[in-house]
Amino acid sequence: MSPVDWISRGVALWRPGFEKASAGTGREPKPSASAVPGAASQPPSSRTTRERLQATWRKGQEALSPRVLRRTLAELQAVVDPKVSEVEGGRRALALATWYRGASAEERHDAWLLMSEQFGPDPKKLQSAREQYEAAQGTPEEGAAEIRLRRAFVSPRTRLLQRFAAFPEGMRFLVDLRAELLPHLKGEKRLLALDAELETLFSTWFDVAFLELRRLSWDSPASLIEKLIKYEAVHDIRSWADLKNRLDSDRRCYGFFHPKLDGDPLIFVEVALTDSISDCITPLLDEHAAASDLKRATTAIFYSISNCQTGLRGVSFGDSLIKRVVETLKEEFPKLKTFATLSPIPGFRSWLVKQVPADKLASWDKPLELGPKSPERAELLAWAAQYLGKELQDGKPVDPVARFHLGNGARVERLNWAGDPSTKGIKQSFGLMVNYLYDPKRLDKHRTMLSQGEIPIAGAIEDLYR
């Protein structure tokens, strides 16, 4: 029997449902938490994996018994065994990944805890390397001491994850693992180390140098077009006619792809080519509207940008994507001079609810009925200008879409009344939309302003302040 077959067989037998009762105890195997009614609401075990590995019996809602936990740890350690080759390490990782895919949510949680708590840097080596580095400051040995300190910080967890990435579907496995892990971080600080390790590795593995920019069109493979429908996060694609409109002659759609994710987009952007900055999303989504005259197009409107992989949260593609798209569009359409967005303001209403009394909110219940000179309309625009132009949290814009575009070097250009008159638009932002302007010559300047706590805004926004 080959080592990989032995590991696959062994891992399958170690799952709680297959675990045999200890000799002489007469105890039946304890079912996993997912099989216990109401177990989903139970808190995770308070015991660390170190305590559980040293114990004899399972406690509370722990999915894996101490015996099975020890065996699982041994197999994880076997993956990073320095005596085995990269190929063999990848095979062992594949065997564990196969078990993981069939495991319950609670069993997967125990696997995360093992990877997070049992594969950190060696504290003794780290302390020794730090002391040597401090002692070497200002001496010829400083460089060598720094190298030793850097190596001490590299955890076995890094090697473990690298070997999971070695088999053909390994990258997809890790991205999906992190997507499942993320919702647990707020209430489970023990998992933060694993998440941070994954994010750091993904930032390297998904560097823009390794990504391919592709245009999606009506002639693209059906499987790719279906993914565009699946991942669209800003304006739902309602029909095939709607989809065809977004891929028509006066439109462009581009996505970033990674060779290890088998044609699955990481992020994509939808662009409309127009003769001016758009102030309403309705004409752009009107599948019956005539196509724009490309000979008159001077403006590219980014009206939808969707991140497709939850597991890559925190890995930034937006800046690189927009730059590459701008360069690609300018090559095809040299007359394009203006690059802007037509963006939702998803956090506006929820923020405003905390700022004004209920009777004031009631005056904006039907914003589309407020006339151009209405004082309620002017007041609502003033609040929106303040929200986008002044409100920061931890030095970043509070609105998630603003945070994305301003972080990429754009500026707040213009607020648009009734920019999104749909039910969703009214619910999110009273129908308001915003244009963010991307001026290629001022992107760095705007990023610097933001880093200093100043949001880049146009004069039209400043004029709206209360």
# chains A, B, ... in the order shown; residues from 1 in each chain; ligands from 1
$ select_by_dssp --residues "stretch 114-362 of chain A" --states "strand (DSSP E or B)" --output "PDB file with C-alpha atoms, in the first residue's frame"
ATOM      1  CA  GLU A 212      -4.099  37.528 -16.285  1.00  0.00           C
ATOM      2  CA  LEU A 213      -6.528  40.225 -17.435  1.00  0.00           C
ATOM      3  CA  ARG A 214      -9.181  38.804 -19.754  1.00  0.00           C
ATOM      4  CA  ARG A 215     -12.103  40.403 -21.514  1.00  0.00           C
ATOM      5  CA  LEU A 216     -15.459  38.658 -21.098  1.00  0.00           C
ATOM      6  CA  ARG A 251     -19.683  47.848 -23.119  1.00  0.00           C
ATOM      7  CA  ARG A 252     -16.613  46.084 -21.848  1.00  0.00           C
ATOM      8  CA  CYS A 253     -16.216  43.547 -19.066  1.00  0.00           C
ATOM      9  CA  TYR A 254     -12.820  42.476 -17.745  1.00  0.00           C
ATOM     10  CA  GLY A 255     -11.702  40.052 -15.085  1.00  0.00           C
ATOM     11  CA  PHE A 256      -8.516  39.033 -13.300  1.00  0.00           C
ATOM     12  CA  PHE A 257      -7.711  35.314 -13.409  1.00  0.00           C
ATOM     13  CA  PRO A 265     -12.442  35.033 -11.888  1.00  0.00           C
ATOM     14  CA  LEU A 266     -10.988  36.787  -8.843  1.00  0.00           C
ATOM     15  CA  ILE A 267     -12.610  40.156  -9.548  1.00  0.00           C
ATOM     16  CA  PHE A 268     -14.347  41.673 -12.549  1.00  0.00           C
ATOM     17  CA  VAL A 269     -15.398  45.140 -13.658  1.00  0.00           C
ATOM     18  CA  GLU A 270     -18.215  46.191 -16.008  1.00  0.00           C
ATOM     19  CA  VAL A 271     -17.641  49.327 -18.091  1.00  0.00           C
ATOM     20  CA  ALA A 272     -19.983  51.518 -20.156  1.00  0.00           C
ATOM     21  CA  LEU A 273     -18.493  53.764 -22.855  1.00  0.00           C
ATOM     22  CA  THR A 274     -20.315  57.102 -23.002  1.00  0.00           C
ATOM     23  CA  THR A 299     -15.791  58.579 -20.936  1.00  0.00           C
ATOM     24  CA  ALA A 300     -15.484  55.136 -19.385  1.00  0.00           C
ATOM     25  CA  ILE A 301     -17.955  54.494 -16.551  1.00  0.00           C
ATOM     26  CA  PHE A 302     -17.091  51.664 -14.150  1.00  0.00           C
ATOM     27  CA  TYR A 303     -20.601  50.800 -12.984  1.00  0.00           C
ATOM     28  CA  SER A 304     -20.028  47.425 -11.329  1.00  0.00           C
ATOM     29  CA  ILE A 305     -16.953  45.936  -9.645  1.00  0.00           C
ATOM     30  CA  SER A 306     -17.412  42.571  -7.944  1.00  0.00           C
ATOM     31  CA  ASN A 307     -14.962  40.554  -5.865  1.00  0.00           C
ATOM     32  CA  THR A 338     -12.414  60.559 -18.414  1.00  0.00           C
ATOM     33  CA  PHE A 339     -12.542  57.484 -16.175  1.00  0.00           C
ATOM     34  CA  ALA A 340     -15.165  57.470 -13.448  1.00  0.00           C
ATOM     35  CA  THR A 341     -17.549  55.222 -11.572  1.00  0.00           C
ATOM     36  CA  SER A 343     -21.347  53.727  -7.529  1.00  0.00           C
TER      37      SER A 343
END
$ residues_around --residues "A:Phe430" --least-positions-apart "4" --cutoff "10 Å" --atoms "only C-alpha atoms" --output "ChimeraX atom specification"
/A:345,348-349,364-368,380,384,417-426
$ select_by_dssp --residues "stretch 31-221 of chain A" --states "helix (DSSP H, G or I)" --output "JSON, numbers by chain"
{"A": [33, 34, 35, 39, 40, 41, 49, 50, 51, 52, 53, 54, 66, 67, 68, 69, 70, 71, 72, 73, 74, 75, 76, 77, 78, 79, 86, 87, 88, 89, 90, 91, 92, 93, 94, 95, 96, 97, 98, 99, 100, 101, 102, 105, 106, 107, 108, 109, 110, 111, 112, 113, 114, 115, 116, 117, 123, 124, 125, 126, 127, 128, 129, 130, 131, 132, 133, 134, 135, 142, 143, 144, 145, 146, 147, 148, 149, 150, 151, 152, 153, 156, 157, 158, 159, 160, 161, 162, 163, 164, 170, 171, 172, 173, 174, 175, 176, 177, 178, 179, 180, 181, 182, 183, 184, 189, 190, 191, 192, 193, 194, 195, 196, 197, 198, 199, 200, 201, 202, 203, 204, 205, 208, 209, 210]}
$ residues_around --residues "A:Leu224" --least-positions-apart "3" --cutoff "9 Å" --atoms "only C-alpha atoms" --output "PyMOL selection string"
chain A and resi 216+220-221+227-229+263-265
$ write_last_selection --atoms "N, CA and C atoms" --output "mmCIF file, in the first residue's frame"
data_model
loop_
_atom_site.group_PDB
_atom_site.id
_atom_site.type_symbol
_atom_site.label_atom_id
_atom_site.label_comp_id
_atom_site.auth_asym_id
_atom_site.auth_seq_id
_atom_site.Cartn_x
_atom_site.Cartn_y
_atom_site.Cartn_z
ATOM 1 N N LEU A 216 -14.310 39.553 -20.985
ATOM 2 C CA LEU A 216 -15.459 38.658 -21.098
ATOM 3 C C LEU A 216 -16.411 39.249 -22.120
ATOM 4 N N SER A 220 -17.700 34.470 -25.011
ATOM 5 C CA SER A 220 -16.916 33.722 -24.023
ATOM 6 C C SER A 220 -17.601 32.392 -23.718
ATOM 7 N N PRO A 221 -16.865 31.414 -23.191
ATOM 8 C CA PRO A 221 -17.482 30.124 -22.846
ATOM 9 C C PRO A 221 -18.667 30.297 -21.906
ATOM 10 N N LYS A 227 -20.513 32.284 -14.467
ATOM 11 C CA LYS A 227 -19.818 32.783 -13.277
ATOM 12 C C LYS A 227 -19.999 34.294 -13.135
ATOM 13 N N LEU A 228 -20.066 34.983 -14.259
ATOM 14 C CA LEU A 228 -20.340 36.420 -14.211
ATOM 15 C C LEU A 228 -21.701 36.676 -13.568
ATOM 16 N N ILE A 229 -22.693 35.880 -13.948
ATOM 17 C CA ILE A 229 -24.025 36.002 -13.353
ATOM 18 C C ILE A 229 -23.968 35.677 -11.861
ATOM 19 N N GLY A 263 -9.849 29.051 -14.335
ATOM 20 C CA GLY A 263 -10.821 29.875 -15.045
ATOM 21 C C GLY A 263 -11.851 30.554 -14.184
ATOM 22 N N ASP A 264 -11.690 30.526 -12.868
ATOM 23 C CA ASP A 264 -12.625 31.195 -11.972
ATOM 24 C C ASP A 264 -12.128 32.620 -11.741
ATOM 25 N N PRO A 265 -12.925 33.659 -12.044
ATOM 26 C CA PRO A 265 -12.442 35.033 -11.888
ATOM 27 C C PRO A 265 -12.222 35.398 -10.421
#
$ residues_around --residues "A:Ser203" --least-positions-apart "6" --cutoff "12 Å" --atoms "only C-alpha atoms" --output "ChimeraX atom specification"
/A:175,196-197,209-211,311-317
$ residues_around --residues "A:Ser46" --least-positions-apart "4" --cutoff "12 Å" --atoms "only C-alpha atoms" --output "ChimeraX atom specification"
/A:42,50-52,59-62,113,187-190
$ write_last_selection --atoms "N, CA, C and O atoms" --output "PDB file, in the first residue's frame"
ATOM      1  N   GLN A  42     -24.284  25.711  20.154  1.00  0.00           N
ATOM      2  CA  GLN A  42     -23.394  25.514  21.284  1.00  0.00           C
ATOM      3  C   GLN A  42     -22.072  26.257  21.059  1.00  0.00           C
ATOM      4  O   GLN A  42     -21.550  26.293  19.951  1.00  0.00           O
ATOM      5  N   ARG A  50      -3.828  22.147  23.054  1.00  0.00           N
ATOM      6  CA  ARG A  50      -2.787  21.579  23.924  1.00  0.00           C
ATOM      7  C   ARG A  50      -3.411  20.808  25.080  1.00  0.00           C
ATOM      8  O   ARG A  50      -2.997  19.703  25.408  1.00  0.00           O
ATOM      9  N   GLU A  51      -4.442  21.391  25.686  1.00  0.00           N
ATOM     10  CA  GLU A  51      -5.128  20.718  26.794  1.00  0.00           C
ATOM     11  C   GLU A  51      -5.859  19.477  26.301  1.00  0.00           C
ATOM     12  O   GLU A  51      -5.847  18.426  26.967  1.00  0.00           O
ATOM     13  N   ARG A  52      -6.482  19.574  25.151  1.00  0.00           N
ATOM     14  CA  ARG A  52      -7.222  18.429  24.620  1.00  0.00           C
ATOM     15  C   ARG A  52      -6.297  17.298  24.199  1.00  0.00           C
ATOM     16  O   ARG A  52      -6.637  16.122  24.351  1.00  0.00           O
ATOM     17  N   LYS A  59     -14.812  16.463  25.737  1.00  0.00           N
ATOM     18  CA  LYS A  59     -15.565  17.290  26.681  1.00  0.00           C
ATOM     19  C   LYS A  59     -16.540  18.185  25.915  1.00  0.00           C
ATOM     20  O   LYS A  59     -16.185  18.767  24.888  1.00  0.00           O
ATOM     21  N   GLY A  60     -17.767  18.312  26.463  1.00  0.00           N
ATOM     22  CA  GLY A  60     -18.735  19.219  25.858  1.00  0.00           C
ATOM     23  C   GLY A  60     -19.021  18.874  24.404  1.00  0.00           C
ATOM     24  O   GLY A  60     -19.272  17.723  24.058  1.00  0.00           O
ATOM     25  N   GLN A  61     -18.951  19.889  23.517  1.00  0.00           N
ATOM     26  CA  GLN A  61     -19.295  19.707  22.111  1.00  0.00           C
ATOM     27  C   GLN A  61     -18.063  19.511  21.223  1.00  0.00           C
ATOM     28  O   GLN A  61     -18.111  19.777  20.034  1.00  0.00           O
ATOM     29  N   GLU A  62     -16.971  19.070  21.799  1.00  0.00           N
ATOM     30  CA  GLU A  62     -15.767  18.833  21.001  1.00  0.00           C
ATOM     31  C   GLU A  62     -16.033  17.739  19.970  1.00  0.00           C
ATOM     32  O   GLU A  62     -16.540  16.661  20.304  1.00  0.00           O
ATOM     33  N   LEU A 113      -8.179  24.662  14.387  1.00  0.00           N
ATOM     34  CA  LEU A 113      -7.526  24.922  15.677  1.00  0.00           C
ATOM     35  C   LEU A 113      -6.151  24.273  15.739  1.00  0.00           C
ATOM     36  O   LEU A 113      -5.190  24.869  16.248  1.00  0.00           O
ATOM     37  N   GLY A 187     -15.523  35.712  16.895  1.00  0.00           N
ATOM     38  CA  GLY A 187     -15.745  35.081  18.184  1.00  0.00           C
ATOM     39  C   GLY A 187     -14.735  34.025  18.550  1.00  0.00           C
ATOM     40  O   GLY A 187     -14.883  33.340  19.563  1.00  0.00           O
ATOM     41  N   GLU A 188     -13.710  33.844  17.746  1.00  0.00           N
ATOM     42  CA  GLU A 188     -12.728  32.774  17.964  1.00  0.00           C
ATOM     43  C   GLU A 188     -11.327  33.283  17.665  1.00  0.00           C
ATOM     44  O   GLU A 188     -10.764  33.055  16.601  1.00  0.00           O
ATOM     45  N   LYS A 189     -10.742  33.985  18.621  1.00  0.00           N
ATOM     46  CA  LYS A 189      -9.432  34.602  18.414  1.00  0.00           C
ATOM     47  C   LYS A 189      -8.327  33.580  18.214  1.00  0.00           C
ATOM     48  O   LYS A 189      -7.268  33.909  17.666  1.00  0.00           O
ATOM     49  N   ARG A 190      -8.568  32.343  18.645  1.00  0.00           N
ATOM     50  CA  ARG A 190      -7.540  31.310  18.472  1.00  0.00           C
ATOM     51  C   ARG A 190      -7.274  31.005  17.005  1.00  0.00           C
ATOM     52  O   ARG A 190      -6.243  30.403  16.675  1.00  0.00           O
TER      53      ARG A 190
END
